[in-house]
file coords-v4.cif (mmCIF, C-alpha atoms and all ligand atoms)
data_data
#
loop_
_atom_site.label_atom_id
_atom_site.label_comp_id
_atom_site.auth_asym_id
_atom_site.auth_seq_id
_atom_site.Cartn_x
_atom_site.Cartn_y
_atom_site.Cartn_z
CA MET A 1 216.94 49.33 147.89
CA LYS A 2 220.59 49.08 147.01
CA ALA A 3 222.16 52.35 147.99
CA LEU A 4 225.63 52.97 146.67
CA VAL A 5 228.15 55.41 147.91
CA ARG A 6 230.69 56.92 145.60
CA LEU A 7 234.08 56.01 146.89
CA SER A 8 237.30 56.77 145.17
CA ILE A 9 239.16 53.50 145.41
CA GLY A 10 241.89 55.14 143.40
CA ALA A 11 242.44 57.67 146.14
CA LEU A 12 242.19 54.93 148.73
CA ALA A 13 244.67 52.58 147.32
CA CYS A 14 247.07 54.11 144.87
CA TRP A 15 250.77 54.17 145.46
CA GLY A 16 253.08 55.09 142.63
CA ALA A 17 251.59 54.32 139.25
CA CYS A 18 247.86 54.22 139.75
CA VAL A 19 245.90 51.79 137.63
CA ALA A 20 242.65 51.91 139.57
CA THR A 21 239.78 54.10 138.61
CA ALA A 22 237.15 55.47 140.93
CA ALA A 23 234.31 53.01 141.34
CA ASP A 24 231.06 52.59 143.16
CA LEU A 25 231.42 50.43 146.21
CA PRO A 26 228.28 49.37 148.02
CA GLU A 27 228.33 50.89 151.47
CA VAL A 28 228.90 48.48 154.29
CA LEU A 29 227.14 50.60 156.90
CA LEU A 30 223.93 51.07 154.96
CA ALA A 31 221.34 48.35 155.47
CA ASN A 32 219.43 46.96 152.50
CA ASP A 33 216.30 48.85 153.64
CA GLY A 34 218.23 52.12 153.61
CA THR A 35 218.83 52.37 157.36
CA LYS A 36 222.13 53.99 158.21
CA ILE A 37 223.99 51.75 160.66
CA THR A 38 225.41 53.96 163.39
CA THR A 39 225.63 51.73 166.48
CA ALA A 40 227.34 48.47 167.35
CA GLU A 41 223.95 47.04 168.31
CA GLN A 42 222.49 47.82 164.86
CA TRP A 43 225.50 46.20 163.25
CA ARG A 44 225.14 43.09 165.36
CA THR A 45 221.41 42.63 165.15
CA LYS A 46 220.61 44.01 161.70
CA ARG A 47 223.45 44.52 159.28
CA ARG A 48 225.74 41.61 160.16
CA PRO A 49 222.96 38.98 159.85
CA GLU A 50 221.66 40.41 156.58
CA LEU A 51 225.13 40.47 155.04
CA LEU A 52 225.79 36.88 156.08
CA GLU A 53 222.51 35.87 154.51
CA GLN A 54 223.18 37.83 151.35
CA PHE A 55 226.65 36.32 150.86
CA ALA A 56 225.33 32.80 151.50
CA LYS A 57 222.49 33.29 149.04
CA GLU A 58 224.37 35.09 146.30
CA MET A 59 227.92 33.84 146.47
CA TYR A 60 229.28 31.22 148.89
CA GLY A 61 226.12 29.13 149.20
CA VAL A 62 224.35 27.90 152.31
CA SER A 63 225.97 25.65 154.91
CA PRO A 64 224.44 23.23 157.39
CA GLY A 65 224.96 23.70 161.12
CA LYS A 66 226.97 21.39 163.34
CA PRO A 67 225.88 17.84 162.50
CA GLU A 68 224.33 15.99 165.40
CA LYS A 69 226.02 12.72 164.52
CA MET A 70 229.52 14.15 164.31
CA SER A 71 232.13 12.16 166.19
CA PHE A 72 235.89 12.21 166.46
CA GLU A 73 238.71 9.93 167.60
CA VAL A 74 242.16 10.95 168.73
CA PHE A 75 244.32 8.27 167.07
CA ASP A 76 247.76 9.67 167.81
CA ARG A 77 249.31 11.65 170.68
CA ASP A 78 253.09 11.67 170.59
CA LYS A 79 254.99 13.90 173.02
CA GLY A 80 258.27 13.21 171.29
CA ALA A 81 257.45 14.86 167.97
CA LEU A 82 259.86 17.26 166.26
CA GLY A 83 262.77 16.02 168.34
CA GLY A 84 260.84 16.45 171.56
CA LYS A 85 259.81 20.05 170.90
CA ALA A 86 256.16 19.27 170.31
CA THR A 87 253.31 16.91 170.88
CA ARG A 88 251.79 15.67 167.65
CA ILE A 89 248.09 14.98 167.91
CA GLN A 90 246.01 13.49 165.12
CA VAL A 91 242.26 13.37 165.23
CA ALA A 92 239.93 11.61 162.81
CA ILE A 93 236.79 13.72 162.52
CA TYR A 94 233.67 12.02 161.16
CA PRO A 95 231.30 14.91 160.50
CA GLY A 96 228.38 12.60 159.75
CA GLY A 97 229.38 9.92 162.26
CA LYS A 98 231.35 6.75 161.62
CA PRO A 99 231.56 5.22 159.07
CA GLY A 100 231.46 8.11 156.66
CA PRO A 101 233.59 10.94 155.35
CA ARG A 102 236.71 11.43 157.44
CA MET A 103 238.76 14.60 157.93
CA ASP A 104 242.10 14.24 159.69
CA LEU A 105 243.03 17.14 161.96
CA LEU A 106 246.79 17.29 162.55
CA LEU A 107 248.09 19.30 165.49
CA TYR A 108 251.52 20.22 166.75
CA VAL A 109 251.50 21.68 170.24
CA PRO A 110 254.68 23.12 171.76
CA ASN A 111 255.88 21.17 174.79
CA GLU A 112 257.65 24.10 176.42
CA ALA A 113 254.81 26.63 176.39
CA PRO A 114 252.94 27.16 179.65
CA GLY A 115 249.22 26.41 179.78
CA PRO A 116 246.76 26.15 176.91
CA VAL A 117 248.31 27.81 173.88
CA PRO A 118 246.99 29.88 170.97
CA VAL A 119 246.85 28.07 167.66
CA PHE A 120 247.01 28.78 163.93
CA LEU A 121 244.36 26.75 162.14
CA GLY A 122 244.28 26.39 158.39
CA LEU A 123 243.52 24.02 155.57
CA ASN A 124 246.42 22.74 153.49
CA PHE A 125 246.72 22.14 149.74
CA ALA A 126 248.67 18.93 149.46
CA GLY A 127 247.80 16.74 152.46
CA ASN A 128 248.78 16.81 156.13
CA HIS A 129 251.81 14.67 155.28
CA ALA A 130 253.08 17.41 152.96
CA ILE A 131 253.40 20.13 155.59
CA HIS A 132 256.31 18.39 157.39
CA ALA A 133 258.57 15.40 156.71
CA ASP A 134 257.58 13.89 160.10
CA PRO A 135 257.02 10.18 159.30
CA GLY A 136 254.38 9.98 162.03
CA ILE A 137 251.84 11.97 160.01
CA ARG A 138 249.17 9.70 158.58
CA LEU A 139 249.15 9.67 154.78
CA THR A 140 245.78 10.77 153.53
CA GLU A 141 243.58 8.30 151.70
CA SER A 142 241.88 11.13 149.87
CA TRP A 143 242.72 12.08 146.31
CA VAL A 144 246.04 13.88 145.95
CA ASP A 145 247.48 15.80 143.09
CA GLN A 146 251.06 14.71 142.42
CA ARG A 147 252.00 18.15 141.25
CA GLN A 148 250.73 20.10 144.27
CA PRO A 149 251.02 22.83 145.41
CA ASN A 150 249.22 25.08 142.96
CA ALA A 151 248.39 22.45 140.41
CA ASP A 152 246.06 22.97 137.53
CA PRO A 153 242.96 20.88 138.26
CA GLU A 154 242.32 20.55 134.52
CA LYS A 155 245.36 18.31 133.99
CA LYS A 156 245.29 14.62 134.78
CA PRO A 157 247.12 14.00 138.04
CA GLY A 158 248.08 10.93 139.98
CA ASN A 159 245.92 10.48 143.01
CA ARG A 160 247.40 8.48 145.90
CA ALA A 161 249.59 9.86 148.65
CA THR A 162 253.05 8.29 148.77
CA GLU A 163 256.00 8.41 151.17
CA GLU A 164 257.90 10.64 148.74
CA MET A 165 255.30 13.35 149.19
CA ARG A 166 256.15 13.88 152.84
CA GLY A 167 257.25 17.43 153.55
CA LYS A 168 256.75 18.56 149.94
CA ASN A 169 255.05 21.74 151.04
CA ALA A 170 256.98 22.24 154.29
CA LYS A 171 258.48 25.55 153.34
CA GLN A 172 255.06 27.19 153.58
CA TRP A 173 254.61 25.97 157.16
CA PRO A 174 257.32 27.13 159.63
CA ILE A 175 256.22 24.71 162.32
CA GLU A 176 259.43 24.75 164.38
CA GLU A 177 259.29 28.52 164.63
CA MET A 178 255.64 28.43 165.69
CA MET A 179 256.58 25.95 168.42
CA SER A 180 259.47 28.05 169.71
CA ARG A 181 257.22 31.11 169.80
CA GLY A 182 254.52 29.36 171.81
CA TYR A 183 251.94 28.67 169.10
CA ALA A 184 250.32 25.41 168.15
CA LEU A 185 249.45 24.56 164.56
CA ALA A 186 246.32 22.73 163.45
CA THR A 187 245.62 21.75 159.87
CA MET A 188 243.40 19.61 157.66
CA TYR A 189 243.62 18.64 154.01
CA ARG A 190 241.18 20.34 151.62
CA GLU A 191 240.46 17.08 149.77
CA ASP A 192 239.50 15.31 153.00
CA VAL A 193 236.73 17.88 153.20
CA ALA A 194 235.52 18.25 149.63
CA PRO A 195 236.93 17.43 146.19
CA ASP A 196 238.62 20.27 144.37
CA HIS A 197 238.52 18.38 141.07
CA GLU A 198 235.87 16.66 138.95
CA PRO A 199 233.53 15.01 139.68
CA TYR A 200 232.77 17.82 142.10
CA PHE A 201 230.82 17.11 145.31
CA SER A 202 231.36 13.37 144.80
CA THR A 203 233.30 12.59 147.98
CA GLY A 204 233.68 13.98 151.49
CA VAL A 205 231.36 16.34 153.29
CA PRO A 206 229.13 17.30 150.29
CA THR A 207 227.89 13.68 150.11
CA LEU A 208 226.33 14.10 153.55
CA TYR A 209 224.02 16.83 152.28
CA PRO A 210 222.60 15.82 148.89
CA GLU A 211 219.52 17.94 149.56
CA LEU A 212 221.70 21.05 149.65
CA GLN A 213 223.24 20.42 146.23
CA GLN A 214 220.29 21.15 143.95
CA ARG A 215 219.63 24.69 145.12
CA GLU A 216 220.79 27.89 143.51
CA ASP A 217 222.54 28.70 146.78
CA ASN A 218 224.03 25.21 147.01
CA PHE A 219 226.46 23.96 149.67
CA THR A 220 229.64 24.72 147.72
CA THR A 221 233.20 23.52 148.01
CA MET A 222 234.15 26.92 149.43
CA GLY A 223 231.27 26.60 151.86
CA ALA A 224 232.36 23.09 152.86
CA TRP A 225 235.95 24.19 153.43
CA ALA A 226 234.81 27.05 155.65
CA TRP A 227 232.37 24.78 157.48
CA SER A 228 235.12 22.21 158.08
CA LEU A 229 237.14 24.84 159.92
CA SER A 230 234.23 25.28 162.30
CA ARG A 231 234.14 21.51 162.81
CA ALA A 232 237.86 21.62 163.59
CA MET A 233 237.04 24.34 166.11
CA ASP A 234 234.47 22.02 167.72
CA VAL A 235 237.32 19.58 168.32
CA LEU A 236 239.82 22.22 169.45
CA GLU A 237 237.31 23.33 172.07
CA LYS A 238 237.70 19.88 173.61
CA GLU A 239 241.51 19.71 173.47
CA PRO A 240 242.95 20.82 176.84
CA SER A 241 246.37 21.85 175.50
CA ILE A 242 244.73 24.42 173.17
CA ASP A 243 243.21 27.76 174.14
CA SER A 244 240.15 27.76 171.89
CA LYS A 245 239.56 31.45 172.62
CA ARG A 246 242.77 32.15 170.72
CA VAL A 247 242.38 30.37 167.41
CA ALA A 248 243.79 32.30 164.44
CA LEU A 249 242.53 31.13 161.06
CA PHE A 250 245.07 31.10 158.28
CA GLY A 251 244.56 30.40 154.59
CA PHE A 252 246.47 30.78 151.36
CA SER A 253 244.79 31.56 148.06
CA ARG A 254 241.58 29.50 147.59
CA LEU A 255 242.02 28.33 151.18
CA GLY A 256 242.36 31.99 152.20
CA LYS A 257 238.96 32.66 150.63
CA ALA A 258 237.63 29.78 152.77
CA ALA A 259 239.33 31.11 155.91
CA LEU A 260 237.69 34.51 155.42
CA TRP A 261 234.24 33.02 154.92
CA ALA A 262 234.74 30.79 157.99
CA GLY A 263 235.90 33.74 160.09
CA ALA A 264 232.98 35.85 158.86
CA ASN A 265 230.46 33.23 159.95
CA ASP A 266 231.93 31.78 163.10
CA GLU A 267 232.77 34.28 165.79
CA ARG A 268 234.60 31.71 167.86
CA PHE A 269 237.64 32.40 165.69
CA ALA A 270 239.76 35.09 167.33
CA MET A 271 241.70 36.22 164.26
CA VAL A 272 241.75 35.71 160.50
CA ILE A 273 244.78 35.78 158.20
CA SER A 274 244.25 35.96 154.45
CA ASN A 275 247.41 35.15 152.49
CA GLU A 276 246.79 36.25 148.91
CA SER A 277 243.17 35.16 148.88
CA GLY A 278 242.47 37.33 145.83
CA ALA A 279 239.19 37.04 143.93
CA GLY A 280 236.38 35.84 146.16
CA GLY A 281 238.70 36.61 149.08
CA ALA A 282 240.05 40.03 149.98
CA LYS A 283 240.21 41.65 146.54
CA LEU A 284 237.46 44.07 145.49
CA PHE A 285 235.58 43.08 142.33
CA HIS A 286 234.53 46.68 141.74
CA ARG A 287 238.03 47.71 140.67
CA GLY A 288 237.73 45.40 137.67
CA GLN A 289 241.34 44.23 138.08
CA GLY A 290 242.82 40.73 138.28
CA GLU A 291 240.76 37.54 138.25
CA ASP A 292 237.11 38.26 137.51
CA ILE A 293 233.85 36.51 138.30
CA LYS A 294 233.73 34.93 134.86
CA ARG A 295 237.11 33.27 135.31
CA LEU A 296 236.26 32.12 138.84
CA ASN A 297 232.98 30.60 137.78
CA THR A 298 234.36 29.03 134.63
CA LEU A 299 237.51 27.41 136.01
CA PHE A 300 236.16 26.63 139.47
CA PRO A 301 232.38 26.20 139.13
CA HIS A 302 232.27 24.24 142.40
CA TRP A 303 233.74 26.97 144.60
CA PHE A 304 230.80 29.35 144.58
CA ALA A 305 227.04 28.97 144.42
CA ARG A 306 225.17 28.59 141.13
CA SER A 307 223.47 31.87 141.95
CA PHE A 308 226.84 33.68 141.74
CA SER A 309 227.07 33.04 138.00
CA LYS A 310 224.41 35.66 137.33
CA TYR A 311 227.07 38.25 138.12
CA ILE A 312 229.41 37.14 135.34
CA GLY A 313 230.51 40.28 133.51
CA LYS A 314 229.09 42.47 136.27
CA ASP A 315 232.11 42.73 138.57
CA THR A 316 231.94 46.50 138.77
CA GLU A 317 228.17 46.54 139.34
CA LEU A 318 227.85 43.96 142.10
CA PRO A 319 225.40 44.96 144.84
CA PHE A 320 227.97 43.73 147.38
CA ASP A 321 231.74 43.33 147.48
CA GLN A 322 234.48 41.68 149.47
CA HIS A 323 235.11 44.53 151.93
CA MET A 324 231.80 43.40 153.41
CA VAL A 325 233.10 39.88 153.99
CA LEU A 326 236.20 41.37 155.62
CA SER A 327 233.95 43.58 157.76
CA LEU A 328 232.19 40.50 159.08
CA VAL A 329 235.41 39.58 160.86
CA ALA A 330 235.27 42.83 162.86
CA PRO A 331 236.11 43.63 165.58
CA ARG A 332 238.43 40.61 165.61
CA PRO A 333 241.92 41.17 164.23
CA LEU A 334 242.22 40.63 160.48
CA TYR A 335 245.39 40.40 158.41
CA VAL A 336 245.33 40.74 154.64
CA ALA A 337 248.54 39.98 152.76
CA SER A 338 249.36 40.38 149.09
CA ALA A 339 252.29 39.58 146.80
CA LEU A 340 253.38 42.15 144.26
CA ASP A 341 253.59 39.78 141.29
CA ASP A 342 250.28 38.10 142.12
CA LYS A 343 248.37 40.16 139.59
CA ASN A 344 245.47 37.72 139.59
CA SER A 345 244.76 38.73 143.17
CA ASP A 346 245.06 42.46 142.38
CA PRO A 347 247.32 43.28 145.37
CA GLU A 348 246.22 46.89 145.44
CA GLY A 349 242.60 45.73 145.37
CA GLU A 350 243.25 43.53 148.40
CA PHE A 351 244.55 46.57 150.24
CA ALA A 352 241.51 48.57 149.11
CA GLY A 353 239.24 45.79 150.38
CA ALA A 354 240.91 45.77 153.80
CA LYS A 355 240.81 49.57 153.98
CA ALA A 356 237.11 49.63 153.10
CA ALA A 357 236.37 47.30 156.04
CA GLU A 358 237.70 49.92 158.43
CA PRO A 359 234.42 51.76 159.13
CA VAL A 360 233.02 48.64 160.79
CA TYR A 361 236.14 48.18 162.92
CA ARG A 362 235.82 51.81 164.02
CA LEU A 363 232.10 51.45 164.73
CA LEU A 364 232.85 48.49 166.96
CA GLY A 365 235.57 50.36 168.82
CA ALA A 366 238.51 48.53 167.25
CA GLU A 367 241.51 49.97 165.49
CA GLY A 368 241.38 50.04 161.71
CA LEU A 369 244.17 49.78 159.15
CA PRO A 370 246.74 52.49 159.91
CA ALA A 371 247.68 53.32 156.31
CA GLU A 372 246.05 55.91 154.09
CA THR A 373 247.73 54.74 150.90
CA TRP A 374 248.95 51.37 149.65
CA PRO A 375 252.03 50.69 151.80
CA PRO A 376 255.48 50.30 150.23
CA VAL A 377 256.53 46.79 149.30
CA ASP A 378 257.80 44.54 152.11
CA THR A 379 256.55 46.90 154.81
CA ALA A 380 253.89 45.62 157.19
CA VAL A 381 251.27 47.89 158.71
CA GLN A 382 249.56 46.45 161.76
CA GLY A 383 246.53 47.87 163.56
CA GLY A 384 243.28 46.02 164.24
CA ILE A 385 243.64 45.26 160.55
CA GLY A 386 247.10 44.34 159.29
CA TYR A 387 248.38 44.46 155.74
CA HIS A 388 251.52 43.96 153.68
CA VAL A 389 252.43 43.48 150.07
CA ARG A 390 255.47 41.26 149.79
CA SER A 391 257.78 41.34 146.81
CA GLY A 392 257.64 38.23 144.64
CA LYS A 393 255.10 35.72 143.51
CA HIS A 394 251.92 34.03 144.72
CA ASP A 395 253.23 31.92 147.61
CA VAL A 396 253.58 31.73 151.38
CA GLN A 397 257.07 32.84 152.32
CA PRO A 398 259.03 33.36 155.57
CA PHE A 399 258.41 37.11 155.34
CA ASP A 400 254.65 36.47 155.42
CA TRP A 401 254.82 34.27 158.52
CA GLN A 402 257.09 36.76 160.30
CA GLN A 403 254.31 39.32 160.00
CA TYR A 404 251.56 36.89 161.06
CA LEU A 405 253.52 35.83 164.12
CA ALA A 406 254.12 39.47 165.07
CA PHE A 407 250.42 40.23 164.52
CA ALA A 408 249.43 37.24 166.65
CA ASP A 409 251.91 38.32 169.36
CA LYS A 410 250.27 41.76 169.34
CA HIS A 411 246.69 40.55 169.58
CA LEU A 412 246.70 37.08 171.07
CA LYS A 413 249.46 37.37 173.64
CA LYS A 414 248.22 40.50 175.45
C1 LIG A 501 243.81 29.94 140.88
C2 LIG A 501 242.57 30.79 141.06
C3 LIG A 501 242.66 31.68 142.29
C4 LIG A 501 243.09 30.87 143.47
C5 LIG A 501 244.36 30.11 143.17
C6 LIG A 501 244.86 29.20 144.27
O1 LIG A 501 244.88 30.74 140.49
O2 LIG A 501 242.37 31.53 139.90
O3 LIG A 501 241.40 32.28 142.54
O4 LIG A 501 243.24 31.70 144.59
O5 LIG A 501 244.12 29.28 142.06
O6 LIG A 501 244.08 28.77 145.10
O7 LIG A 501 246.05 28.88 144.24
#

call {"tool": "encode", "arguments": {"input": "coords-v4.cif", "output": "structure tokens"}}
result
Amino acid sequence: MKALVRLSIGALACWGACVATAADLPEVLLANDGTKITTAEQWRTKRRPELLEQFAKEMYGVSPGKPEKMSFEVFDRDKGALGGKATRIQVAIYPGGKPGPRMDLLLYVPNEAPGPVPVFLGLNFAGNHAIHADPGIRLTESWVDQRQPNADPEKKPGNRATEEMRGKNAKQWPIEEMMSRGYALATMYREDVAPDHEPYFSTGVPTLYPELQQREDNFTTMGAWAWSLSRAMDVLEKEPSIDSKRVALFGFSRLGKAALWAGANDERFAMVISNESGAGGAKLFHRGQGEDIKRLNTLFPHWFARSFSKYIGKDTELPFDQHMVLSLVAPRPLYVASALDDKNSDPEGEFAGAKAAEPVYRLLGAEGLPAETWPPVDTAVQGGIGYHVRSGKHDVQPFDWQQYLAFADKHLKK
């Protein structure tokens, strides 16, 4: 039985001119058999597992567990990185054993900070070498898009990393500031994990699991990205300079969708930050605003499971919605950030999604999102759930990181 509760998203999320209409949002605290979820135990043993299963089956696809043959090699450890401020560590992860697909995990760990440090972990768009001009970063051998970030996968790109690409995306990664504030950074390149261009599933991790590709709930690119973050966690757990109990996932846009799905599944992650993850991330489909399921499935058929395509045209009737994915992060701190001009991501719908996750935070004894209406632009609200809508376009900007660092200080430095 799919019970629906009438919820006025308009009332939840409108600030100024209200474009949203009231809609039916499936209730997160009502189990599929109609049981009302009223205790933390019921959430943990009944509702949380059934939601994870439902989202795997209907949307993100199934993922394998930790592969038995996985191995990794630390191939670089340089204490003199960033002018002596950090130790750069690079790890080649072979999820299926060596030889085989390789994912490079790049870490910067502050030299000054005492003891094992908290870390931001996130996938990057353009290659590890693009997040900083540091010449010590290994150039990826995976496919690269010359026009990254935010390239259109339909257009024909060049595909080999070159020296000129170093640091091309550095402004989205304030590494020096993270170091001076006592945080490490860990990142991997999305294309090392799974191809984000045609032919889909042809390289990287998907090739290890051909048997998972034919199913309706196939092992998707989004699933592989999320899964790779758990494999990075497996390595971080073995790195003595990192406190693996304080790993904050971070992701922008499609990689924000992946960060949310990873954080929903893997409770080892202590915090999740969604930077404009939009459709299939933090935005609610039920509002019928911004990018819809049809566009997602048409332009990016590899991101979500084949089974998800049956919901094309049914955004406002889905039996589930993204507030449930956000709820799966509870009670761990969750930050959802929007940008005002990022209409595709329906900024107000991202707020509504975060707000609708609040009942689960409350049930589990955590603080919710301390805002009743969509907060004013450029004003962060930070409880157990944090939120801001920044002025400007779809991007990661210094304002965004200032809020994430403050949120991490609040929750990870207690
Ligand atoms: C496209 C896509 C979005 C996605 C974004 C990105 O715009 O429609 O869903 O978030 O790419 O990853 O940059």

call {"tool": "residues_around", "arguments": {"input": "coords-v4.cif", "residues": "region 38-43 of chain A", "least_positions_apart": "6", "cutoff": "8 Å", "atoms": "only C-alpha atoms", "output": "VMD selection string"}}
result
chain A and resid 29 363 to 364

call {"tool": "atom_distance", "arguments": {"input": "coords-v4.cif", "atom1": "CA of Gly256 (chain A)", "atom2": "CA of Lys46 (chain A)"}}
result
26.6 Å

call {"tool": "closest_residue", "arguments": {"input": "coords-v4.cif", "among": "A:Val74, A:Pro64, A:Ser391, A:Trp143", "to": "Trp227 (chain A)", "atoms": "all atoms listed in the file"}}
result
A:Pro64

call {"tool": "atom_distance", "arguments": {"input": "coords-v4.cif", "atom1": "CA of Ala259 (chain A)", "atom2": "CA of Ser277 (chain A)"}}
result
9.0 Å

call {"tool": "closest_residue", "arguments": {"input": "coords-v4.cif", "among": "A:Phe269, A:Trp261, A:Phe300, A:Phe285", "to": "ligand LIG 501 (chain A)", "atoms": "only C-alpha atoms and all ligand atoms"}}
result
A:Phe300

call {"tool": "decode", "arguments": {"input": "coords-v4.cif", "residues": "region 327-334 of chain A", "atoms": "all heavy atoms", "output": "tab-separated table (two decimals), in the first residue's frame"}}
result
chain	number	residue	atom	x	y	z
A	327	SER	N	16.60	11.73	4.12
A	327	SER	CA	16.29	11.17	5.44
A	327	SER	C	17.22	10.01	5.80
A	327	SER	O	17.47	9.75	6.98
A	327	SER	CB	14.87	10.62	5.47
A	327	SER	OG	13.95	11.63	5.20
A	328	LEU	N	17.68	9.31	4.77
A	328	LEU	CA	18.55	8.16	5.02
A	328	LEU	C	19.92	8.57	5.56
A	328	LEU	O	20.68	7.75	6.03
A	328	LEU	CB	18.69	7.31	3.75
A	328	LEU	CG	17.41	6.56	3.35
A	328	LEU	CD1	17.49	6.04	1.92
A	328	LEU	CD2	17.14	5.40	4.31
A	329	VAL	N	20.21	9.84	5.48
A	329	VAL	CA	21.46	10.35	6.06
A	329	VAL	C	21.30	10.54	7.58
A	329	VAL	O	22.27	10.50	8.32
A	329	VAL	CB	21.89	11.67	5.37
A	329	VAL	CG1	23.13	12.26	6.01
A	329	VAL	CG2	22.12	11.44	3.87
A	330	ALA	N	20.07	10.75	8.02
A	330	ALA	CA	19.81	11.00	9.44
A	330	ALA	C	20.31	9.87	10.33
A	330	ALA	O	20.28	8.72	9.90
A	330	ALA	CB	18.30	11.18	9.65
A	331	PRO	N	20.76	10.17	11.53
A	331	PRO	CA	20.80	11.48	12.19
A	331	PRO	C	22.09	12.25	11.90
A	331	PRO	O	22.37	13.26	12.54
A	331	PRO	CB	20.74	11.10	13.67
A	331	PRO	CG	21.53	9.81	13.73
A	331	PRO	CD	21.23	9.10	12.43
A	332	ARG	N	22.87	11.78	10.93
A	332	ARG	CA	24.15	12.45	10.65
A	332	ARG	C	23.91	13.81	10.00
A	332	ARG	O	22.96	13.96	9.21
A	332	ARG	CB	25.00	11.55	9.75
A	332	ARG	CG	25.40	10.24	10.41
A	332	ARG	CD	25.83	9.21	9.40
A	332	ARG	NE	24.71	8.77	8.59
A	332	ARG	CZ	24.79	8.31	7.34
A	332	ARG	NH1	25.97	8.22	6.76
A	332	ARG	NH2	23.71	7.94	6.69
A	333	PRO	N	24.77	14.78	10.29
A	333	PRO	CA	24.56	16.11	9.72
A	333	PRO	C	24.53	16.12	8.19
A	333	PRO	O	25.32	15.43	7.54
A	333	PRO	CB	25.77	16.92	10.24
A	333	PRO	CG	26.39	16.10	11.30
A	333	PRO	CD	25.91	14.70	11.20
A	334	LEU	N	23.61	16.90	7.67
A	334	LEU	CA	23.37	16.98	6.22
A	334	LEU	C	23.32	18.44	5.83
A	334	LEU	O	22.63	19.23	6.48
A	334	LEU	CB	22.02	16.32	5.91
A	334	LEU	CG	21.42	16.59	4.53
A	334	LEU	CD1	22.21	15.86	3.45
A	334	LEU	CD2	19.95	16.15	4.51
